[in-house]
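Peer 1: Sending over start_33.txt (compact mmCIF, C-alpha atoms).
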```
# COMPACT_ATOMS: atom_id res chain seq x y z
CA MET A 18 23.80 6.12 0.26
CA SER A 19 23.08 7.54 -3.19
CA GLU A 20 19.63 8.40 -4.51
CA GLU A 21 20.15 5.82 -7.21
CA ILE A 22 20.04 3.12 -4.56
CA ILE A 23 17.10 4.25 -2.51
CA HIS A 24 14.70 5.52 -5.17
CA PRO A 25 12.76 3.25 -7.50
CA LEU A 26 13.11 3.94 -11.17
CA GLU A 27 10.38 5.98 -12.76
CA LYS A 28 11.15 6.13 -16.43
CA LYS A 29 8.81 5.44 -19.27
CA LEU A 30 9.02 1.79 -20.19
CA LYS A 31 10.76 0.95 -23.41
CA PRO A 32 9.70 -2.22 -25.26
CA PRO A 33 9.83 -5.15 -24.85
CA LEU A 34 7.61 -5.67 -21.84
CA PRO A 35 9.38 -7.71 -19.13
CA PRO A 36 7.41 -10.89 -18.32
CA THR A 37 7.46 -9.84 -14.65
CA MET A 38 5.28 -6.86 -15.56
CA ALA A 39 2.96 -8.84 -17.81
CA GLY A 40 0.80 -10.31 -15.04
CA ILE A 41 0.19 -6.92 -13.46
CA ILE A 42 -0.84 -5.30 -16.73
CA LYS A 43 -3.07 -8.24 -17.65
CA ASN A 44 -4.75 -8.46 -14.22
CA GLU A 45 -5.36 -4.73 -14.04
CA TYR A 46 -6.98 -4.75 -17.47
CA GLU A 47 -9.04 -7.89 -16.86
CA LYS A 48 -9.93 -7.50 -13.17
CA ALA A 49 -9.11 -3.83 -12.34
CA HIS A 50 -7.04 -5.19 -9.44
CA VAL A 51 -3.55 -6.68 -9.36
CA PRO A 52 -3.95 -9.73 -7.08
CA GLU A 53 -6.91 -12.03 -7.38
CA LEU A 54 -9.09 -12.38 -4.32
CA VAL A 55 -8.99 -16.13 -3.72
CA ASP A 56 -11.55 -18.23 -1.85
CA TYR A 57 -9.19 -18.76 1.10
CA PHE A 58 -9.02 -15.04 1.82
CA ILE A 59 -12.74 -14.53 1.21
CA GLU A 60 -13.35 -17.08 3.97
CA GLU A 61 -10.70 -15.55 6.23
CA ARG A 62 -12.15 -12.08 5.67
CA GLU A 63 -15.54 -13.38 6.81
CA ARG A 64 -13.95 -15.08 9.83
CA LEU A 65 -12.47 -11.71 10.86
CA GLY A 66 -15.87 -10.06 10.48
CA LEU A 67 -15.05 -8.27 7.22
CA LYS A 68 -17.17 -8.41 4.07
CA GLY A 69 -16.18 -11.51 2.11
CA LYS A 70 -15.63 -9.39 -0.96
CA PRO A 71 -14.84 -5.70 -0.54
CA PRO A 72 -17.20 -3.32 -2.42
CA THR A 73 -14.60 -2.64 -5.10
CA ALA A 74 -14.03 -4.05 -8.57
CA TYR A 75 -13.80 -7.39 -6.74
CA SER A 76 -17.59 -7.07 -6.40
CA TYR A 77 -18.59 -4.80 -9.29
CA GLU A 78 -18.02 -5.80 -12.90
CA LYS A 79 -19.09 -2.26 -13.88
CA ALA A 80 -15.93 -0.90 -12.26
CA VAL A 81 -13.84 -3.29 -14.35
CA GLY A 82 -15.56 -2.03 -17.50
CA GLU A 83 -14.82 1.57 -16.55
CA PHE A 84 -11.13 0.76 -15.91
CA ARG A 85 -10.93 -0.80 -19.38
CA LYS A 86 -12.69 2.13 -21.01
CA LEU A 87 -10.17 4.56 -19.48
CA ALA A 88 -7.21 2.38 -20.39
CA ASP A 89 -8.37 1.73 -23.95
CA GLU A 90 -6.41 3.51 -26.68
CA THR A 91 -3.37 3.69 -24.38
CA GLU A 92 -0.28 1.49 -24.24
CA HIS A 93 -1.70 -0.13 -21.10
CA ALA A 94 -4.56 -1.73 -23.03
CA GLU A 95 -2.40 -2.43 -26.05
CA LYS A 96 0.14 -4.36 -23.98
CA ALA A 97 -2.52 -6.08 -21.84
CA LYS A 98 -4.27 -7.42 -24.95
CA LYS A 99 -1.00 -8.82 -26.29
CA VAL A 100 -0.29 -10.57 -22.98
CA ILE A 101 -3.83 -11.97 -22.84
CA LYS A 102 -3.17 -13.76 -26.15
CA TYR A 103 -0.70 -16.03 -24.31
CA ARG A 104 -3.42 -17.27 -21.95
CA GLY A 105 -2.72 -20.85 -20.91
CA GLU A 106 0.72 -20.85 -22.51
CA PRO A 107 4.03 -20.08 -20.81
CA LEU A 108 5.11 -16.48 -21.43
CA PRO A 109 8.15 -16.05 -23.65
CA LYS A 110 11.30 -14.47 -22.22
CA VAL A 111 10.58 -11.39 -24.30
CA ILE A 112 7.09 -10.09 -24.98
CA PRO A 113 7.20 -8.01 -28.14
CA CYS A 114 5.15 -5.05 -27.05
CA MET B 1 -12.05 20.58 15.52
CA LEU B 2 -11.06 17.47 13.64
CA ASN B 3 -13.33 16.45 10.83
CA LYS B 4 -13.20 12.72 11.41
CA LYS B 5 -14.67 11.62 8.07
CA TYR B 6 -12.26 10.10 5.58
CA ALA B 7 -12.81 8.27 2.35
CA LEU B 8 -11.02 4.95 2.71
CA PHE B 9 -8.89 3.42 -0.01
CA LEU B 10 -7.47 0.04 1.01
CA GLY B 11 -5.89 -0.99 -2.28
CA CYS B 12 -5.54 -4.47 -3.74
CA THR B 13 -2.98 -6.17 -1.51
CA ILE B 14 -4.46 -5.28 1.87
CA ALA B 15 -7.96 -6.35 0.80
CA ALA B 16 -6.79 -9.51 -0.96
CA SER B 17 -4.15 -10.90 1.41
CA GLN B 18 -3.03 -8.62 4.25
CA ILE B 19 -6.51 -8.52 5.71
CA PHE B 20 -5.13 -8.12 9.25
CA VAL B 21 -4.21 -4.54 8.24
CA GLU B 22 -7.76 -3.82 7.06
CA LYS B 23 -9.19 -5.29 10.25
CA ALA B 24 -6.78 -3.30 12.43
CA LEU B 25 -7.66 -0.11 10.56
CA ARG B 26 -11.38 -0.62 11.05
CA LEU B 27 -10.87 -1.36 14.76
CA ILE B 28 -8.83 1.86 15.12
CA GLY B 29 -11.63 3.78 13.38
CA GLN B 30 -14.21 2.39 15.79
CA LYS B 31 -12.09 3.11 18.86
CA LEU B 32 -11.06 6.65 17.91
CA GLY B 33 -14.38 7.61 16.33
CA ILE B 34 -12.96 8.03 12.85
CA ASP B 35 -15.61 7.59 10.16
CA PHE B 36 -14.12 5.64 7.27
CA ALA B 37 -16.50 6.08 4.35
CA GLU B 38 -15.80 3.44 1.73
CA PRO B 39 -16.84 4.44 -1.78
CA GLU B 40 -18.13 1.59 -3.93
CA GLU B 41 -16.61 0.49 -7.24
CA LEU B 42 -13.02 1.52 -6.53
CA THR B 43 -10.36 -0.21 -8.61
CA CYS B 44 -6.59 -0.68 -8.41
CA CYS B 45 -5.09 2.75 -7.70
CA PRO B 46 -3.37 1.90 -10.33
CA GLU B 47 -0.08 0.38 -9.31
CA PRO B 48 2.66 3.00 -9.75
CA GLU B 49 5.81 1.02 -10.61
CA VAL B 50 4.32 -0.76 -13.62
CA SER B 51 1.19 1.09 -14.76
CA LYS B 52 2.73 4.53 -14.55
CA THR B 53 5.77 3.51 -16.58
CA VAL B 54 3.69 1.67 -19.17
CA SER B 55 1.11 4.42 -19.73
CA TYR B 56 0.96 7.71 -17.84
CA ASP B 57 -2.40 8.48 -19.47
CA ALA B 58 -4.07 5.29 -18.26
CA TRP B 59 -2.46 5.71 -14.83
CA ILE B 60 -3.73 9.25 -14.25
CA ARG B 61 -7.19 8.60 -15.69
CA VAL B 62 -7.81 5.62 -13.43
CA ALA B 63 -6.33 7.44 -10.42
CA ALA B 64 -8.64 10.40 -11.14
CA ARG B 65 -11.63 8.05 -11.42
CA ASN B 66 -10.87 6.63 -7.96
CA LEU B 67 -10.32 10.14 -6.56
CA SER B 68 -13.66 11.26 -8.03
CA LEU B 69 -15.44 8.44 -6.16
CA CYS B 70 -13.67 9.49 -2.94
CA GLU B 71 -14.52 13.16 -3.55
CA LYS B 72 -18.21 12.26 -3.38
CA VAL B 73 -18.01 10.88 0.17
CA ALA B 74 -15.40 13.02 1.97
CA ASP B 75 -12.93 15.83 1.50
CA LYS B 76 -10.06 13.73 2.84
CA LEU B 77 -8.77 10.37 1.72
CA CYS B 78 -6.96 7.92 4.02
CA VAL B 79 -4.45 5.60 2.35
CA VAL B 80 -2.27 2.97 4.04
CA CYS B 81 -0.41 1.36 1.14
CA SER B 82 2.65 3.39 0.14
CA GLY B 83 2.18 2.55 -3.55
CA CYS B 84 -1.44 3.76 -3.51
CA TYR B 85 -0.34 6.83 -1.52
CA HIS B 86 2.26 7.61 -4.17
CA THR B 87 -0.26 7.26 -6.98
CA PHE B 88 -2.94 9.39 -5.36
CA TYR B 89 -0.62 12.04 -3.96
CA LYS B 90 1.25 12.52 -7.23
CA ALA B 91 -1.82 12.29 -9.48
CA ASN B 92 -3.76 14.66 -7.24
CA GLU B 93 -0.96 17.23 -7.20
CA ALA B 94 -0.66 17.06 -10.99
CA LEU B 95 -4.42 17.47 -11.42
CA LYS B 96 -4.58 20.36 -8.95
CA GLU B 97 -1.66 22.18 -10.53
CA SER B 98 -2.72 21.87 -14.16
CA PRO B 99 -6.26 22.86 -15.21
CA GLU B 100 -5.37 21.71 -18.73
CA LEU B 101 -4.46 18.21 -17.55
CA ARG B 102 -7.57 18.10 -15.36
CA GLU B 103 -9.78 19.01 -18.31
CA ARG B 104 -8.09 16.43 -20.52
CA VAL B 105 -8.59 13.74 -17.87
CA ASN B 106 -12.16 14.84 -17.15
CA GLU B 107 -12.97 14.58 -20.84
CA LYS B 108 -12.19 10.86 -20.57
CA LEU B 109 -13.90 10.53 -17.18
CA ARG B 110 -17.12 11.87 -18.69
CA SER B 111 -17.24 8.75 -20.86
CA VAL B 112 -17.80 6.80 -17.62
CA ASN B 113 -20.11 9.47 -16.15
CA LYS B 114 -17.56 10.87 -13.73
CA SER B 115 -15.54 13.99 -13.16
CA TYR B 116 -12.94 15.09 -10.64
CA ASN B 117 -12.72 18.61 -9.19
CA ALA B 118 -9.38 17.99 -7.45
CA THR B 119 -10.68 18.91 -3.99
CA VAL B 120 -9.52 15.78 -2.13
CA ASP B 121 -6.75 16.00 0.46
CA VAL B 122 -4.74 12.77 0.23
CA ARG B 123 -3.62 11.67 3.70
CA ASN B 124 -1.36 8.81 4.64
CA PHE B 125 -2.49 6.76 7.66
CA ILE B 126 0.66 8.04 9.38
CA GLU B 127 -0.55 11.65 8.94
CA LEU B 128 -4.07 10.78 10.05
CA ILE B 129 -2.85 9.48 13.42
CA HIS B 130 0.21 11.71 13.88
CA ASP B 131 -1.21 15.05 12.71
CA ASP B 132 -4.98 14.93 12.25
CA TYR B 133 -6.12 12.90 15.24
CA GLY B 134 -2.94 13.71 17.15
CA ILE B 135 -0.32 11.34 18.42
CA GLU B 136 -0.88 12.35 22.05
CA ASN B 137 -4.65 11.97 21.72
CA THR B 138 -4.16 8.49 20.31
CA ALA B 139 -1.82 7.56 23.14
CA LYS B 140 -4.49 8.50 25.70
CA ASP B 141 -6.53 5.56 24.43
CA PHE B 142 -3.71 3.01 24.60
CA ARG B 143 -4.40 0.03 26.81
CA ARG B 144 -1.06 -1.71 26.36
CA SER B 145 2.48 -0.43 26.73
CA LEU B 146 5.14 -1.75 24.39
CA LYS B 147 7.86 -0.47 26.72
CA GLY B 148 11.09 -2.41 26.53
CA LEU B 149 10.53 -3.62 22.97
CA ARG B 150 13.23 -2.90 20.39
CA ILE B 151 11.63 -2.13 17.04
CA ALA B 152 13.38 -1.88 13.68
CA VAL B 153 11.38 0.44 11.40
CA HIS B 154 11.51 -0.14 7.66
CA PRO B 155 10.01 3.02 6.10
CA GLY B 156 10.26 1.93 2.46
CA CYS B 157 11.34 4.06 -0.47
CA ARG B 158 7.94 5.70 -1.03
CA LEU B 159 8.19 7.44 2.33
CA ILE B 160 11.83 8.27 1.67
CA SER B 161 11.03 9.77 -1.74
CA ALA B 162 8.30 11.86 -0.09
CA GLU B 163 11.14 13.57 1.79
CA SER B 164 12.18 15.24 -1.44
CA LEU B 165 8.80 16.90 -2.02
CA ASP B 166 10.02 20.10 -0.38
CA LYS B 167 6.99 20.09 1.88
CA PRO B 168 8.02 19.60 5.51
CA GLU B 169 4.50 18.59 6.51
CA LYS B 170 4.78 15.67 4.10
CA SER B 171 7.91 14.34 5.79
CA LEU B 172 6.66 10.99 7.00
CA LEU B 173 9.89 9.24 8.06
CA HIS B 174 10.17 10.66 11.55
CA LYS B 175 6.41 10.53 11.98
CA LEU B 176 6.45 6.78 11.42
CA ASP B 177 9.20 6.47 14.03
CA ASN B 178 7.10 8.62 16.38
CA LEU B 179 4.08 6.34 15.99
CA VAL B 180 6.22 3.43 17.13
CA LYS B 181 7.83 5.39 19.99
CA VAL B 182 4.51 6.60 21.39
CA THR B 183 3.58 2.97 22.10
CA GLY B 184 6.50 2.87 24.53
CA ALA B 185 8.76 0.83 22.25
CA SER B 186 12.22 2.05 21.29
CA VAL B 187 13.19 2.51 17.64
CA ILE B 188 16.60 1.03 16.97
CA GLU B 189 19.02 2.17 14.30
CA TRP B 190 20.11 -0.51 11.89
CA GLU B 191 22.23 -0.77 8.79
CA GLY B 192 20.16 -0.54 5.63
CA LYS B 193 17.13 1.15 7.16
CA LEU B 194 16.83 3.52 4.21
CA MET B 195 17.55 0.95 1.52
CA CYS B 196 14.68 -0.07 -0.78
CA CYS B 197 13.22 -3.55 -0.10
CA GLY B 198 13.71 -4.37 -3.77
CA ILE B 199 10.12 -4.60 -4.96
CA PRO B 200 10.37 -1.93 -7.69
CA ALA B 201 13.36 -3.76 -9.14
CA MET B 202 11.43 -7.07 -9.17
CA TYR B 203 9.69 -6.03 -12.36
CA ASN B 204 12.93 -5.66 -14.28
CA ASP B 205 15.49 -7.85 -12.55
CA PRO B 206 14.08 -10.28 -9.97
CA GLU B 207 17.47 -11.80 -9.16
CA PHE B 208 18.98 -8.38 -8.41
CA ALA B 209 15.91 -7.42 -6.36
CA LEU B 210 16.14 -10.52 -4.20
CA GLU B 211 19.90 -10.93 -3.89
CA ASN B 212 21.02 -7.29 -3.75
CA ARG B 213 18.11 -5.74 -1.93
CA ALA B 214 15.67 -8.01 -0.05
CA LYS B 215 18.24 -10.53 1.22
CA VAL B 216 20.73 -7.78 2.15
CA LYS B 217 17.98 -6.11 4.12
CA VAL B 218 16.93 -9.34 5.82
CA MET B 219 20.52 -10.12 6.83
CA ALA B 220 20.91 -6.61 8.29
CA LEU B 221 17.70 -7.07 10.23
CA GLN B 222 18.76 -10.47 11.49
CA LYS B 223 22.03 -8.93 12.68
CA ALA B 224 20.17 -6.12 14.51
CA LYS B 225 17.97 -8.70 16.30
CA PRO B 226 14.89 -6.50 16.81
CA ASP B 227 11.86 -7.75 18.74
CA ALA B 228 9.85 -6.86 15.65
CA VAL B 229 10.16 -5.11 12.31
CA VAL B 230 7.51 -2.46 11.61
CA VAL B 231 6.49 -1.48 8.07
CA ILE B 232 3.71 0.63 6.55
CA CYS B 233 3.86 -0.58 2.93
CA PRO B 234 2.18 -3.93 2.05
CA ALA B 235 4.62 -4.50 -0.82
CA CYS B 236 7.61 -4.10 1.50
CA TYR B 237 5.89 -6.48 3.93
CA ASP B 238 5.53 -9.11 1.18
CA MET B 239 9.09 -8.71 -0.03
CA ILE B 240 10.73 -8.84 3.42
CA GLU B 241 8.55 -11.76 4.51
CA LYS B 242 9.37 -13.79 1.40
CA ALA B 243 13.11 -13.06 1.63
CA ALA B 244 13.21 -13.84 5.36
CA ILE B 245 11.42 -17.17 4.98
CA ALA B 246 13.64 -18.10 2.01
CA SER B 247 16.96 -17.19 3.60
CA LEU B 248 16.67 -17.65 7.36
CA GLU B 249 16.22 -20.67 9.61
CA PRO B 250 12.87 -20.74 11.45
CA ASP B 251 14.53 -19.80 14.77
CA GLN B 252 16.18 -16.77 13.11
CA LEU B 253 12.95 -15.23 11.79
CA PHE B 254 11.90 -11.86 13.19
CA PRO B 255 8.25 -10.85 13.70
CA LEU B 256 7.06 -8.51 10.96
CA ILE B 257 4.08 -6.24 11.55
CA ASN B 258 2.35 -3.27 9.96
CA VAL B 259 2.25 -0.05 12.01
CA VAL B 260 -1.56 -0.11 11.69
CA GLU B 261 -1.63 -3.43 13.55
CA LEU B 262 0.85 -2.12 16.11
CA ILE B 263 -1.41 0.85 16.92
CA ALA B 264 -4.50 -1.38 17.08
CA TYR B 265 -2.73 -3.75 19.48
CA ALA B 266 -1.56 -0.84 21.68
CA LEU B 267 -5.18 0.37 21.74
CA GLY B 268 -6.08 -2.92 23.43
CA PHE B 269 -7.46 -5.08 20.65
CA SER B 270 -6.56 -8.75 20.90
CA ALA B 271 -4.40 -10.81 18.56
CA ASP B 272 -7.52 -12.78 17.57
CA GLU B 273 -9.53 -9.65 16.80
CA ILE B 274 -6.82 -8.28 14.51
CA GLY B 275 -6.02 -11.62 12.88
CA PHE B 276 -2.38 -12.03 13.91
CA ASP B 277 -2.70 -15.78 13.25
CA LEU B 278 -2.72 -15.00 9.50
CA HIS B 279 0.90 -13.85 9.57
CA ARG B 280 3.18 -16.42 7.94
CA ILE B 281 5.97 -15.47 10.37
CA PRO B 282 4.49 -16.04 13.84
CA LEU B 283 4.20 -12.96 16.06
CA ASP B 284 4.32 -15.04 19.29
CA PRO B 285 7.87 -14.01 20.35
CA PHE B 286 6.86 -10.35 19.97
CA LEU B 287 3.57 -10.77 21.83
CA ALA B 288 5.27 -12.65 24.67
CA LYS B 289 7.39 -9.59 25.47
CA ILE B 290 4.52 -7.15 25.76
CA VAL B 291 3.54 -6.16 29.26
CA GLU B 292 -0.20 -5.95 29.71
CA ASN B 293 -1.31 -2.64 31.20
CA LYS B 294 -4.45 -3.45 33.05
```
Please express the file's structure as structure tokens.

Peer 2:
Amino acid sequence: MSEEIIHPLEKKLKPPLPPTMAGIIKNEYEKAHVPELVDYFIEERERLGLKGKPPTAYSYEKAVGEFRKLADETEHAEKAKKVIKYRGEPLPKVIPC
Amino acid sequence: MLNKKYALFLGCTIAASQIFVEKALRLIGQKLGIDFAEPEELTCCPEPEVSKTVSYDAWIRVAARNLSLCEKVADKLCVVCSGCYHTFYKANEALKESPELRERVNEKLRSVNKSYNATVDVRNFIELIHDDYGIENTAKDFRRSLKGLRIAVHPGCRLISAESLDKPEKSLLHKLDNLVKVTGASVIEWEGKLMCCGIPAMYNDPEFALENRAKVKVMALQKAKPDAVVVICPACYDMIEKAAIASLEPDQLFPLINVVELIAYALGFSADEIGFDLHRIPLDPFLAKIVENK
């Protein structure tokens, strides 16, 4: 089996941004986490005896602000802001950023 | 003498949906006396496949911020998720090796009142159990034997790529197999064991990722007919679970479990305590084959 098959690609992204990456970039910039912590799992966490919300950016808005501050003036923030503009609308096949 | 204090970084997916892994990890900590110190205000690691390719600067700054929070509570960091492990291991090595990069990153970190001295030792959960606590020591506390079970291990490409680091102590592939074997189970060989689950390709070509990776892997697993498939990476878990449910009949599905849960179960914790009922693919056929060691 060749390395090409077993290793993920790690090259700098060239525009445009694939829509499949858009959600990750947007969520990281807005929430400082990729998946949202939904009510179902908050309840299930409590049922298992875990804290409903872990003490991360899921609980601390300050952490989200610090993520944004570190990402600002980079392509991460630039692309996230362009994706955020599509809020509520279906994403186009090509996101020009 | 083992210093049993570790900063704990769970990552997004385990905390948000694979909570049985978090619960199993905390139970293991209690049982083995490992002190998992959880720094507050951690964020996404950030995710390596997307964030790192979009902006290396943002990726390493945020990784360094998380590492700086961990540095305040312990000199070692325990990571389960292979994506988070990749981010922290690679970022940490880069920051340790280059004082110039560290200063550049710290200049930004100072804007959020933080700095990172690059003193943290990033440890995978596999290393914590296999090397730090000791695989034999862990086995002494087992209360169940998984003897007779045939396990297919899916290491995932992050562990495979760690093989190329030219650091034998960072070779995690055989250590993951060893963690399964020490429970009494046998590790079976199967076609496609070293193939990527497809998740990194999802971001560029979802059809290729599903059809040429995840489904190929699922079909190979179905052919091997293991009693369970063991993974370490939450992303691989998601991908294999989705592909299995989408492409197999319910009676063809194979139980899928994280090695952290496997160790917790061997240590004697119950299915209810760990949260096995939250698995979308039921673990009942796997549990039914386990002989209780009373």

Peer 1: Counting all atoms listed in the file, what is within 9 Å of stretch 169-178 of chain B, bar same-chain residues fewer than 4 positions away, as a list in words?

Peer 2: Asn124, Ile126, Glu127, His130, Asp131, Ile135, Val153, Pro155, Leu159, Ile160, Ala162, Glu163, Ser164, Leu165, Val182, Thr183, Val187, Val231, Ile232 and Val259 of chain B

Peer 1: Residues of chain B within 8 Å of chain A, counting only C-alpha atoms, what are they? List them as a PyMOL selection string.

Peer 2: chain B and resi 12-13+15-17+19+23+39-44+46-47+49-55+57-58+61-62+108-109+112+157-158+160-161+194-196+200-204+273-275

Peer 1: Nearest residue to B:Ile263 out of B:Ile14, B:Ile28, B:Leu283, B:Ala246, using all atoms listed in the file?

Peer 2: B:Ile28

Peer 1: With 7 Å as the threshold, what does the neighbourhood of (-6.6, 16.5, -4.1) contain in terms of residues, counting only C-alpha atoms? Coordinates are those of the file; answer as a count of residues only.

Peer 2: 8

Peer 1: Have a look at atom CA of B:Leu149 and atom CA of B:Pro226 and let me know their distance in Å, one decimal.

Peer 2: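 Those two atoms sit 8.1 Å apart.
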
Peer 1: Could you please determine the separation between atom CA of B:Leu77 and atom CA of B:Phe269 in Å, to one decimal place?

Peer 2: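 Pair atom CA of B:Leu77 / atom CA of B:Phe269 returns 24.5 Å.
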
Peer 1: Suppose you want the space between atom CA of B:Asp205 and atom CA of B:Ala243; what is it in Å?

Peer 2: 15.3 Å
